[in-house]
>>> print(open('my_file.pdb').read())   # PDB, C-alpha atoms
MODEL        1
ATOM      1  CA  MET A 531      33.346 -52.475  -7.701
ATOM      2  CA  LYS A 532      32.155 -51.973  -4.152
ATOM      3  CA  THR A 533      34.951 -49.439  -3.584
ATOM      4  CA  LYS A 534      33.895 -47.399  -6.627
ATOM      5  CA  ALA A 535      30.248 -47.443  -5.513
ATOM      6  CA  PHE A 536      31.204 -46.358  -2.000
ATOM      7  CA  THR A 537      33.387 -43.536  -3.387
ATOM      8  CA  LEU A 538      30.536 -42.362  -5.635
ATOM      9  CA  PHE A 539      28.185 -42.389  -2.644
ATOM     10  CA  ILE A 540      30.609 -40.245  -0.606
ATOM     11  CA  LEU A 541      31.021 -37.719  -3.447
ATOM     12  CA  LEU A 542      27.275 -37.476  -3.935
ATOM     13  CA  SER A 543      26.729 -36.925  -0.200
ATOM     14  CA  ILE A 544      29.318 -34.142  -0.126
ATOM     15  CA  THR A 545      27.703 -32.460  -3.142
ATOM     16  CA  LEU A 546      24.244 -32.535  -1.575
ATOM     17  CA  LEU A 547      25.607 -31.214   1.722
ATOM     18  CA  THR A 548      27.368 -28.364  -0.077
ATOM     19  CA  LEU A 549      24.218 -27.392  -1.970
ATOM     20  CA  SER A 550      22.219 -27.505   1.243
ATOM     21  CA  CYS A 551      24.724 -25.266   3.036
ATOM     22  CA  GLY A 552      24.702 -22.880   0.102
ATOM     23  CA  LYS A 553      20.936 -22.527   0.256
ATOM     24  CA  ASN A 554      21.008 -21.904   3.980
ATOM     25  CA  SER A 555      23.755 -19.328   3.594
ATOM     26  CA  SER A 556      21.968 -17.362   0.871
ATOM     27  CA  GLY A 557      18.756 -17.256   2.907
ATOM     28  CA  LYS A 558      20.360 -16.284   6.191
ATOM     29  CA  GLY A 559      17.968 -14.393   8.459
ATOM     30  CA  LYS A 560      14.990 -14.865   6.122
ATOM     31  CA  SER A 561      11.986 -17.022   6.848
ATOM     32  CA  SER A 562       8.757 -17.776   5.022
ATOM     33  CA  VAL A 563       7.075 -18.861   8.265
ATOM     34  CA  PRO A 564       4.158 -16.492   9.036
ATOM     35  CA  ALA A 565       5.104 -13.966  11.690
ATOM     36  CA  VAL A 566       1.580 -14.058  13.114
ATOM     37  CA  THR A 567      -1.560 -16.143  12.889
ATOM     38  CA  VAL A 568      -4.775 -14.162  12.402
ATOM     39  CA  GLN A 569      -8.481 -14.655  12.913
ATOM     40  CA  SER A 570     -11.234 -12.731  11.158
ATOM     41  CA  GLN A 571     -14.060 -10.759  12.754
ATOM     42  CA  HIS A 572     -16.977  -9.210  10.840
ATOM     43  CA  LEU A 573     -19.088  -6.439  12.360
ATOM     44  CA  SER A 574     -21.865  -4.264  10.971
ATOM     45  CA  ASP A 575     -24.449  -1.680  12.005
ATOM     46  CA  LYS A 576     -27.268   0.236  10.376
ATOM     47  CA  SER A 577     -29.224   3.314  11.314
ATOM     48  CA  GLY A 578     -31.851   5.676   9.930
ATOM     49  CA  PHE A 579     -31.763   9.450   9.952
ATOM     50  CA  THR A 580     -33.732  12.338   8.616
ATOM     51  CA  MET A 581     -32.087  15.208   6.764
ATOM     52  CA  SER A 582     -32.728  18.848   7.583
ATOM     53  CA  ASN A 583     -34.794  19.083   4.379
ATOM     54  CA  GLY A 584     -36.950  16.146   5.419
ATOM     55  CA  ASP A 585     -35.387  13.548   3.148
ATOM     56  CA  ARG A 586     -34.657  10.185   4.672
ATOM     57  CA  CYS A 587     -31.268   8.584   4.798
ATOM     58  CA  THR A 588     -29.824   5.230   5.823
ATOM     59  CA  ILE A 589     -26.304   4.811   7.170
ATOM     60  CA  VAL A 590     -24.646   1.399   6.869
ATOM     61  CA  ALA A 591     -21.237   0.529   8.264
ATOM     62  CA  GLU A 592     -19.353  -2.754   8.204
ATOM     63  CA  ALA A 593     -15.862  -3.958   8.989
ATOM     64  CA  THR A 594     -13.992  -7.188   8.347
ATOM     65  CA  ILE A 595     -10.916  -7.331  10.526
ATOM     66  CA  ASP A 596      -8.107  -9.878  10.500
ATOM     67  CA  TYR A 597      -6.445  -9.518  13.887
ATOM     68  CA  PRO A 598      -3.412 -11.313  15.388
ATOM     69  CA  VAL A 599      -4.086 -14.217  17.732
ATOM     70  CA  LYS A 600      -0.716 -15.951  17.804
ATOM     71  CA  ALA A 601       2.873 -14.781  17.326
ATOM     72  CA  GLY A 602       5.839 -17.037  16.627
ATOM     73  CA  LYS A 603       6.690 -19.866  18.967
ATOM     74  CA  ASP A 604       5.311 -19.439  22.470
ATOM     75  CA  MET A 605       5.443 -15.633  22.181
ATOM     76  CA  ALA A 606       2.992 -13.495  24.127
ATOM     77  CA  ILE A 607       0.373 -11.885  21.916
ATOM     78  CA  ASP A 608      -1.026  -9.290  24.353
ATOM     79  CA  SER A 609       1.473  -6.539  23.512
ATOM     80  CA  LEU A 610       1.021  -6.983  19.776
ATOM     81  CA  GLN A 611      -2.758  -6.925  20.098
ATOM     82  CA  ARG A 612      -2.561  -3.664  22.049
ATOM     83  CA  LEU A 613      -0.365  -2.161  19.342
ATOM     84  CA  PHE A 614      -2.780  -3.434  16.695
ATOM     85  CA  ALA A 615      -5.696  -1.785  18.493
ATOM     86  CA  ALA A 616      -3.840   1.489  19.028
ATOM     87  CA  TYR A 617      -2.425   1.926  15.515
ATOM     88  CA  VAL A 618      -4.595  -0.036  13.090
ATOM     89  CA  LEU A 619      -7.925   0.371  14.881
ATOM     90  CA  GLU A 620      -7.046   3.878  16.164
ATOM     91  CA  SER A 621      -8.408   3.157  19.633
ATOM     92  CA  GLY A 622      -7.554   4.441  23.075
ATOM     93  CA  ASP A 623      -5.496   2.555  25.627
ATOM     94  CA  SER A 624      -8.532   1.892  27.826
ATOM     95  CA  LEU A 625     -10.361  -0.222  25.225
ATOM     96  CA  SER A 626     -10.006  -3.968  24.868
ATOM     97  CA  LEU A 627      -9.338  -5.432  21.434
ATOM     98  CA  SER A 628     -12.975  -6.506  21.126
ATOM     99  CA  GLU A 629     -14.190  -3.030  22.073
ATOM    100  CA  ALA A 630     -11.705  -1.424  19.685
ATOM    101  CA  MET A 631     -13.040  -3.487  16.762
ATOM    102  CA  LYS A 632     -16.610  -2.443  17.587
ATOM    103  CA  GLN A 633     -15.478   1.167  17.741
ATOM    104  CA  VAL A 634     -14.317   0.993  14.100
ATOM    105  CA  VAL A 635     -17.929   0.515  13.030
ATOM    106  CA  SER A 636     -19.222   3.011  15.574
ATOM    107  CA  ASN A 637     -16.843   5.714  14.341
ATOM    108  CA  SER A 638     -17.997   5.106  10.762
ATOM    109  CA  MET A 639     -21.592   5.634  11.843
ATOM    110  CA  HIS A 640     -20.858   8.812  13.765
ATOM    111  CA  GLN A 641     -18.997  10.555  10.942
ATOM    112  CA  TYR A 642     -22.389  11.609   9.562
ATOM    113  CA  ASP A 643     -23.685  13.091  12.814
ATOM    114  CA  PHE A 644     -22.819  16.620  11.714
ATOM    115  CA  MET A 645     -25.326  16.608   8.835
ATOM    116  CA  VAL A 646     -28.253  14.586  10.139
ATOM    117  CA  GLU A 647     -30.309  14.198  13.264
ATOM    118  CA  PRO A 648     -31.417  10.864  14.706
ATOM    119  CA  ILE A 649     -35.076  10.003  14.222
ATOM    120  CA  SER A 650     -37.406   8.142  16.530
ATOM    121  CA  GLU A 651     -37.352   4.360  16.825
ATOM    122  CA  ASP A 652     -40.645   4.093  14.902
ATOM    123  CA  GLU A 653     -39.298   6.213  12.065
ATOM    124  CA  LYS A 654     -36.030   4.254  12.105
ATOM    125  CA  MET A 655     -37.982   1.035  11.524
ATOM    126  CA  GLU A 656     -39.820   2.646   8.618
ATOM    127  CA  VAL A 657     -36.530   3.635   7.037
ATOM    128  CA  GLN A 658     -35.035   0.185   7.514
ATOM    129  CA  GLU A 659     -38.120  -1.497   6.062
ATOM    130  CA  ALA A 660     -38.449   0.879   3.113
ATOM    131  CA  GLU A 661     -37.600  -0.588  -0.274
ATOM    132  CA  ALA A 662     -35.281   2.330  -1.060
ATOM    133  CA  ALA A 663     -34.207   5.306   1.032
ATOM    134  CA  THR A 664     -33.759   8.736  -0.504
ATOM    135  CA  LEU A 665     -30.068   8.599   0.379
ATOM    136  CA  LYS A 666     -27.844   5.744   1.403
ATOM    137  CA  TYR A 667     -24.306   6.060   2.782
ATOM    138  CA  ALA A 668     -22.256   2.907   3.227
ATOM    139  CA  THR A 669     -18.809   2.642   4.766
ATOM    140  CA  SER A 670     -16.766  -0.535   4.681
ATOM    141  CA  THR A 671     -13.430  -1.262   6.336
ATOM    142  CA  ARG A 672     -11.187  -4.185   5.439
ATOM    143  CA  ILE A 673      -8.084  -4.948   7.512
ATOM    144  CA  SER A 674      -5.777  -7.798   6.515
ATOM    145  CA  PRO A 675      -2.060  -8.711   6.553
ATOM    146  CA  ILE A 676      -0.260  -8.167   3.231
ATOM    147  CA  TYR A 677       3.271  -9.008   4.472
ATOM    148  CA  ASN A 678       3.667 -11.670   7.122
ATOM    149  CA  LYS A 679       7.121 -13.234   7.440
ATOM    150  CA  ASN A 680      10.697 -12.648   8.624
ATOM    151  CA  GLY A 681       9.307 -11.652  12.016
ATOM    152  CA  VAL A 682       7.418  -8.708  10.483
ATOM    153  CA  VAL A 683       3.719  -8.236   9.762
ATOM    154  CA  THR A 684       2.177  -5.384   7.767
ATOM    155  CA  PHE A 685      -1.571  -4.784   7.990
ATOM    156  CA  GLU A 686      -3.408  -2.989   5.220
ATOM    157  CA  ARG A 687      -6.520  -0.994   6.158
ATOM    158  CA  VAL A 688      -8.823  -0.123   3.270
ATOM    159  CA  ASP A 689     -11.731   2.264   3.960
ATOM    160  CA  VAL A 690     -14.350   2.654   1.237
ATOM    161  CA  VAL A 691     -17.234   5.138   1.331
ATOM    162  CA  LYS A 692     -20.210   4.871  -1.016
ATOM    163  CA  LYS A 693     -23.121   7.215  -1.639
ATOM    164  CA  ASN A 694     -26.108   5.516  -3.255
ATOM    165  CA  ASP A 695     -23.822   2.607  -4.230
ATOM    166  CA  LYS A 696     -21.324   4.902  -5.967
ATOM    167  CA  VAL A 697     -17.791   4.942  -4.523
ATOM    168  CA  THR A 698     -16.897   8.425  -3.315
ATOM    169  CA  SER A 699     -13.745   7.711  -1.324
ATOM    170  CA  VAL A 700     -11.092   5.001  -1.023
ATOM    171  CA  THR A 701      -8.075   5.147   1.298
ATOM    172  CA  HIS A 702      -5.302   2.650   1.989
ATOM    173  CA  ARG A 703      -3.281   2.822   5.196
ATOM    174  CA  TYR A 704      -0.438   0.551   6.258
ATOM    175  CA  TYR A 705       0.879  -0.428   9.682
ATOM    176  CA  SER A 706       3.920  -2.651  10.238
ATOM    177  CA  PHE A 707       5.024  -4.392  13.426
ATOM    178  CA  ASP A 708       8.206  -6.164  14.470
ATOM    179  CA  VAL A 709       6.825  -9.313  16.046
ATOM    180  CA  GLU A 710      10.181 -10.272  17.550
ATOM    181  CA  THR A 711      10.426  -7.061  19.600
ATOM    182  CA  GLN A 712       6.643  -6.458  19.838
ATOM    183  CA  SER A 713       6.971  -2.912  18.492
ATOM    184  CA  PHE A 714       5.548  -0.602  15.829
ATOM    185  CA  ILE A 715       7.895  -0.080  12.899
ATOM    186  CA  ASP A 716       8.494   3.617  12.367
ATOM    187  CA  LEU A 717      10.945   5.295  10.006
ATOM    188  CA  ASN A 718      13.662   5.369  12.661
ATOM    189  CA  ARG A 719      13.779   1.557  12.510
ATOM    190  CA  LEU A 720      14.809   1.832   8.860
ATOM    191  CA  PHE A 721      16.831   5.019   8.280
ATOM    192  CA  ARG A 722      19.223   7.432   9.969
ATOM    193  CA  ASP A 723      17.826  10.845  10.845
ATOM    194  CA  ASP A 724      20.469  12.559   8.733
ATOM    195  CA  ALA A 725      19.536  10.404   5.721
ATOM    196  CA  MET A 726      15.873  11.409   5.461
ATOM    197  CA  ALA A 727      16.689  14.091   2.883
ATOM    198  CA  ASP A 728      18.366  11.429   0.754
ATOM    199  CA  VAL A 729      15.287   9.214   0.990
ATOM    200  CA  CYS A 730      13.163  12.188  -0.108
ATOM    201  CA  GLN A 731      15.411  12.620  -3.114
ATOM    202  CA  LEU A 732      15.007   8.949  -3.996
ATOM    203  CA  LEU A 733      11.232   9.322  -3.759
ATOM    204  CA  LYS A 734      11.298  12.326  -6.125
ATOM    205  CA  GLN A 735      13.502  10.546  -8.640
ATOM    206  CA  GLN A 736      11.371   7.416  -8.586
ATOM    207  CA  LEU A 737       8.136   9.406  -8.923
ATOM    208  CA  LEU A 738       9.548  11.048 -12.053
ATOM    209  CA  ALA A 739      10.655   7.680 -13.433
ATOM    210  CA  GLN A 740       7.319   5.982 -12.739
ATOM    211  CA  ASN A 741       5.489   8.723 -14.636
ATOM    212  CA  ASN A 742       8.040   9.039 -17.468
ATOM    213  CA  ALA A 743       8.437  12.682 -16.507
ATOM    214  CA  THR A 744      11.589  14.810 -16.826
ATOM    215  CA  GLY A 745      10.651  17.493 -14.314
ATOM    216  CA  ASN A 746       8.109  18.836 -11.846
ATOM    217  CA  GLU A 747       6.211  20.732 -14.545
ATOM    218  CA  GLN A 748       5.274  17.494 -16.234
ATOM    219  CA  LEU A 749       4.219  16.037 -12.898
ATOM    220  CA  ASN A 750       2.068  19.118 -12.299
ATOM    221  CA  ASP A 751       0.372  18.528 -15.647
ATOM    222  CA  LEU A 752      -0.430  14.999 -14.497
ATOM    223  CA  GLY A 753      -2.104  16.272 -11.314
ATOM    224  CA  TYR A 754       0.776  16.163  -8.842
ATOM    225  CA  PHE A 755       1.539  19.144  -6.624
ATOM    226  CA  ASN A 756       4.067  20.153  -3.985
ATOM    227  CA  VAL A 757       6.479  17.472  -5.210
ATOM    228  CA  GLU A 758       9.472  19.566  -4.088
ATOM    229  CA  ASN A 759       8.268  19.196  -0.506
ATOM    230  CA  ILE A 760       7.523  15.484  -0.657
ATOM    231  CA  SER A 761       7.869  13.813   2.729
ATOM    232  CA  VAL A 762       8.966  10.354   3.797
ATOM    233  CA  SER A 763       5.510   9.223   4.813
ATOM    234  CA  ARG A 764       4.850   6.719   7.606
ATOM    235  CA  ASN A 765       2.338   5.106   5.255
ATOM    236  CA  PHE A 766       4.531   2.399   3.744
ATOM    237  CA  TYR A 767       4.640  -1.367   3.333
ATOM    238  CA  PHE A 768       7.180  -4.079   2.544
ATOM    239  CA  ASP A 769       7.458  -6.853  -0.006
ATOM    240  CA  ASP A 770      10.251  -9.186  -1.093
ATOM    241  CA  GLU A 771      11.889  -6.544  -3.303
ATOM    242  CA  GLY A 772      11.610  -3.228  -1.492
ATOM    243  CA  VAL A 773       9.498  -0.584   0.240
ATOM    244  CA  THR A 774       6.425   1.107  -1.216
ATOM    245  CA  TRP A 775       5.201   4.461   0.048
ATOM    246  CA  SER A 776       1.500   5.214  -0.406
ATOM    247  CA  TYR A 777       0.089   8.743  -0.291
ATOM    248  CA  LEU A 778      -3.541   9.472   0.549
ATOM    249  CA  PRO A 779      -5.812  11.358  -1.880
ATOM    250  CA  ASN A 780      -4.989  15.089  -2.039
ATOM    251  CA  GLU A 781      -1.767  14.508  -0.110
ATOM    252  CA  LEU A 782       0.581  14.489  -3.101
ATOM    253  CA  ALA A 783      -1.788  14.727  -6.069
ATOM    254  CA  VAL A 784      -5.325  15.820  -6.875
ATOM    255  CA  GLU A 785      -8.089  13.413  -5.944
ATOM    256  CA  ALA A 786      -8.525  12.283  -9.553
ATOM    257  CA  VAL A 787      -5.028  10.761  -9.477
ATOM    258  CA  GLY A 788      -6.021   8.633  -6.507
ATOM    259  CA  GLU A 789      -3.347   7.372  -4.126
ATOM    260  CA  PRO A 790       0.148   7.652  -5.653
ATOM    261  CA  ARG A 791       2.530   4.847  -4.726
ATOM    262  CA  ILE A 792       6.294   5.024  -4.964
ATOM    263  CA  PHE A 793       8.362   1.841  -4.891
ATOM    264  CA  ILE A 794      12.079   1.800  -4.021
ATOM    265  CA  LYS A 795      14.236  -1.331  -4.019
ATOM    266  CA  TYR A 796      15.979  -2.336  -0.808
ATOM    267  CA  GLY A 797      19.390  -2.048  -2.465
ATOM    268  CA  ASP A 798      18.759   1.594  -3.391
ATOM    269  CA  LEU A 799      18.095   2.364   0.284
ATOM    270  CA  ASP A 800      21.314   0.814   1.634
ATOM    271  CA  ALA A 801      23.148   4.140   1.965
ATOM    272  CA  CYS A 802      20.332   5.532   4.127
ATOM    273  CA  LYS A 803      20.008   2.684   6.619
ATOM    274  CA  CYS A 804      20.405   3.171  10.350
ATOM    275  CA  ASP A 805      22.365   0.779  12.546
ATOM    276  CA  ASP A 806      20.587  -2.585  12.806
ATOM    277  CA  SER A 807      18.096  -1.455  10.190
ATOM    278  CA  LEU A 808      15.125  -3.738   9.757
ATOM    279  CA  ILE A 809      15.789  -3.663   6.020
ATOM    280  CA  ASP A 810      18.702  -6.063   6.564
ATOM    281  CA  ARG A 811      16.249  -8.674   7.838
ATOM    282  CA  LEU A 812      13.851  -8.247   4.920
ATOM    283  CA  LYS A 813      15.987  -8.053   1.812
TER     284      LYS A 813
ENDMDL
END
>>> encode(input="my_file.pdb", output="structure tokens")
Amino acid sequence: MKTKAFTLFILLSITLLTLSCGKNSSGKGKSSVPAVTVQSQHLSDKSGFTMSNGDRCTIVAEATIDYPVKAGKDMAIDSLQRLFAAYVLESGDSLSLSEAMKQVVSNSMHQYDFMVEPISEDEKMEVQEAEAATLKYATSTRISPIYNKNGVVTFERVDVVKKNDKVTSVTHRYYSFDVETQSFIDLNRLFRDDAMADVCQLLKQQLLAQNNATGNEQLNDLGYFNVENISVSRNFYFDDEGVTWSYLPNELAVEAVGEPRIFIKYGDLDACKCDDSLIDRLK
């Protein structure tokens, strides 16, 4: 009886070990551990201006920014933070991360300089204390990670502009970084140069499929234009299944269409990969 029990124990142990090895093998190179740890910073500013016709206007800008503070195990974060500031925050090399985050709000405020002139401090207080200004422009920026594993982090930057509380503009931009090599992920980390035309063709085919269209004429009727010259945009992001390209308003379609997105599975991109393509780590 003891022999049978011992034999059963051995068989069960072998089975569990085999299943464990199988799971490890199928998930080789993939990890659900966050590539970076982030902290959030909220900034805002407000100003009053007078229009050339005498009407008053308030300008409000705010930003909520999730920025990297820790990368992997005992990895330096300085290089990644500089890349984050340069690409996501669109700052110069001379600015610190803190200064770069403040500049996001400052740049939002200054985009209206061409149409209004600053008023005096007394008038500014009157505008701020008024129950309702004649015009109100509000810009908000939200930056957060939407993919954060397998040694890769993708930050999404959403900029929203409102006029008198009505949304007039929304843009989504994406920036991906290889945390292991502390580098920005550009197209050359994914595809061969001679395969870009093939990726373009995949984008065209998928755009047709997503819109149940049989040709460019039907896409034109839906508000798309210049589809024949579609480019492999740098504005892309990753998920567990594939790569999604996002196109800004008026870049691929009229503004009413919004921001077209084209999703392609990792497997469909295999023939276009460069040597040591990052796709192999993600799929």
>>> atom_distance(input="my_file.pdb", atom1="CA of Thr671 (chain A)", atom2="CA of Val563 (chain A)")
27.1 Å
>>> atom_distance(input="my_file.pdb", atom1="CA of Lys692 (chain A)", atom2="CA of Ser670 (chain A)")
8.6 Å
>>> resolve_selection(input="my_file.pdb", expression="the PyMOL selection byres ((chain A and resi 751-763) around 8)", output="ChimeraX atom specification")
/A:726,729-730,733-734,746-750,764-766,775-777,782-784,786-787
>>> closest_residue(input="my_file.pdb", among="A:Leu812, A:Ile589, A:Ile792, A:Cys804", to="His640 (chain A)", atoms="all atoms listed in the file")
A:Ile589
>>> resolve_selection(input="my_file.pdb", expression="the PyMOL selection byres ((chain A and resi 619) around 10)", output="list in words")
Ile595, Arg612, Leu613, Phe614, Ala615, Ala616, Tyr617, Val618, Glu620, Ser621, Gly622, Leu627, Ala630, Met631, Lys632, Gln633, Val634, Ile673 and Arg687 of chain A
>>> resolve_selection(input="my_file.pdb", expression="the PyMOL selection byres ((chain A and resi 574-576) around 12)", output="MDAnalysis selection string")
chainID A and resid 571:573 577:579 587:595 631:640 654:655 657:659 666:671
>>> atom_distance(input="my_file.pdb", atom1="CA of Gln740 (chain A)", atom2="CA of Arg672 (chain A)")
27.9 Å
>>> residues_around(input="my_file.pdb", residues="Ser807 (chain A)", least_positions_apart="5", cutoff="8 Å", atoms="all atoms listed in the file", output="VMD selection string")
chain A and resid 719 to 721
>>> residues_around(input="my_file.pdb", residues="Asp798 (chain A)", least_positions_apart="5", cutoff="12 Å", atoms="all atoms listed in the file", output="PyMOL selection string")
chain A and resi 728-729+731-733+735-736+771-773+793+803+809+813
